[in-house]
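**Student:** Next up is a structure, given as structure tokens.
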Amino acid sequence: MEITKLGHRVDYKSNYDPTQLEFFPRSTRRVGYVAPMNGGDIWTCFEVSFLDSKGVPEYHILRIWNPASSENIFESKSLKLYLNSFNNTKFSGIEEVIYLIQKDLSEGTKGQVLVRRMNQFDSPSGVTQFNIDSYSKKIESGVEYTYNPKLLKAEPSETKIHRTISSNLLRSNCEVTGQPDWGTVTVSYSSKSLLDIISFLRYIISFRNHQEFHEPTCERIYNDLFVLLQPEELTVVCQYTRRGGIDINPIRTTASIEKKDFSDFFTIPKLLQQ
């Protein structure tokens, strides 16, 4: 599908216009992948505003869930343009706005998109203790800035390994504009293979010049780890920083999403506060 807005100057519309949305198929970005693609994509939208029935502005923060089972993803600039089209339109309340967003995104993705208004975010306490970025000081050579899955290494283990690690060194780039995307990647796995931390950091650093949207970047990391570790369980979460009032947080997991601690995706903490 042709991109008509990303990377181009456009006029912002301030009256409700669902035609601003653009969608792209997941399937073309999953060719050759073997890992089961459960999970979904969490979008946090910090700049949602509209007019109430009296013409008085309202402001809200919304979280959007697009399941990994949907056929399509939606493009971030088109979502921003779409949300801006609510700005000068009158609605009965936030419930009507949420209904329209769910309907428009579900129709475009061909999946069951969910939307909820956020009042607060859970604390990320207990996650930062697994951060491995200090190990980057031990990297003496072999740093690459072009995506290279061959950098990943693991050692066999006689016992099952249960481990959760995270790094703030994830940087990839928009596949159209080349603008940098910064994020935290968290990996949780259960396997009889032990992921080598230094090799994983080298691997994450190799995304530095890689151009791909957030969702397929997460799926690439997830599939590479699945092939390497042959895990009983694997979950990869990529929490990207905000751009244009929107952040994107893809989750991919071997487990049914309902069985994970983040089954209610609205409670997932923000690891990076912007």
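In the structure tokens, chains take letters A, B, ... by order of appearance, with residues numbered from 1 within each chain and ligands from 1 in the order shown.
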Residues within 10 Å of A:Thr44, please, as a ChimeraX atom specification. Count only C-alpha atoms; anything in the same chain fewer than 5 positions from it doesn't count.

**Tutor:** /A:61-65,115-118,242,245-249,266,270

**Student:** For A:Glu233, find every residue with an atom within 9 Å (counting only C-alpha atoms), except residues of its own chain fewer than 6 positions away, and show them as a VMD selection string.

**Tutor:** chain A and resid 188 to 191 226 253 to 255

**Student:** Which is closest to A:Pro25 among A:Lys110, A:Pro67, A:Asn168, A:Gly55, if we use only C-alpha atoms?

**Tutor:**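 Distance minimum relative to A:Pro25 lands on A:Lys110.
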
**Student:** Looking only at helix (DSSP H, G or I) from DSSP on the backbone, list the matching residues of stretch 88-179 of chain A as a list in words.

**Tutor:**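 So the helix (DSSP H, G or I) residues in stretch 88-179 of chain A would be Ile94, Glu95, Glu96, Val97, Ile98, Tyr99, Leu100, Ile101, Gln102, Lys103, Asp104, Leu105, Ser106, Glu107, Gly108, Thr109, Thr128, Gln129, Phe130, Asp133, Ser134, Tyr135, Ser136, Lys137, Lys138, Pro149, Lys150 and Leu151 of chain A.
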
**Student:** Filtering to C-alpha atoms, could you give me those residues as an mmCIF file, in the first residue's frame?

**Tutor:**
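After the write, result_36.cif holds the following:
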```cif
data_model
loop_
_atom_site.group_PDB
_atom_site.id
_atom_site.type_symbol
_atom_site.label_atom_id
_atom_site.label_comp_id
_atom_site.auth_asym_id
_atom_site.auth_seq_id
_atom_site.Cartn_x
_atom_site.Cartn_y
_atom_site.Cartn_z
ATOM 1 C CA ILE A 94 -15.247 10.938 25.379
ATOM 2 C CA GLU A 95 -17.352 7.770 25.063
ATOM 3 C CA GLU A 96 -18.447 8.757 21.545
ATOM 4 C CA VAL A 97 -14.858 9.606 20.586
ATOM 5 C CA ILE A 98 -13.588 6.263 21.858
ATOM 6 C CA TYR A 99 -16.346 4.453 19.978
ATOM 7 C CA LEU A 100 -15.405 6.139 16.690
ATOM 8 C CA ILE A 101 -11.667 5.490 17.140
ATOM 9 C CA GLN A 102 -12.288 1.809 17.920
ATOM 10 C CA LYS A 103 -14.598 1.472 14.923
ATOM 11 C CA ASP A 104 -12.318 3.238 12.435
ATOM 12 C CA LEU A 105 -9.147 1.424 13.533
ATOM 13 C CA SER A 106 -10.835 -1.980 13.739
ATOM 14 C CA GLU A 107 -12.181 -1.598 10.205
ATOM 15 C CA GLY A 108 -8.779 -0.555 8.868
ATOM 16 C CA THR A 109 -6.711 -3.182 10.679
ATOM 17 C CA THR A 128 14.960 -1.577 36.084
ATOM 18 C CA GLN A 129 16.861 -4.043 38.272
ATOM 19 C CA PHE A 130 17.185 -6.286 35.196
ATOM 20 C CA ASP A 133 23.322 -1.600 29.916
ATOM 21 C CA SER A 134 26.269 -1.484 32.340
ATOM 22 C CA TYR A 135 27.621 -4.584 30.568
ATOM 23 C CA SER A 136 28.167 -2.454 27.465
ATOM 24 C CA LYS A 137 31.405 -1.240 29.091
ATOM 25 C CA LYS A 138 32.737 -4.772 28.592
ATOM 26 C CA PRO A 149 21.391 -11.489 13.884
ATOM 27 C CA LYS A 150 24.620 -13.524 13.739
ATOM 28 C CA LEU A 151 25.895 -11.469 16.675
#
```
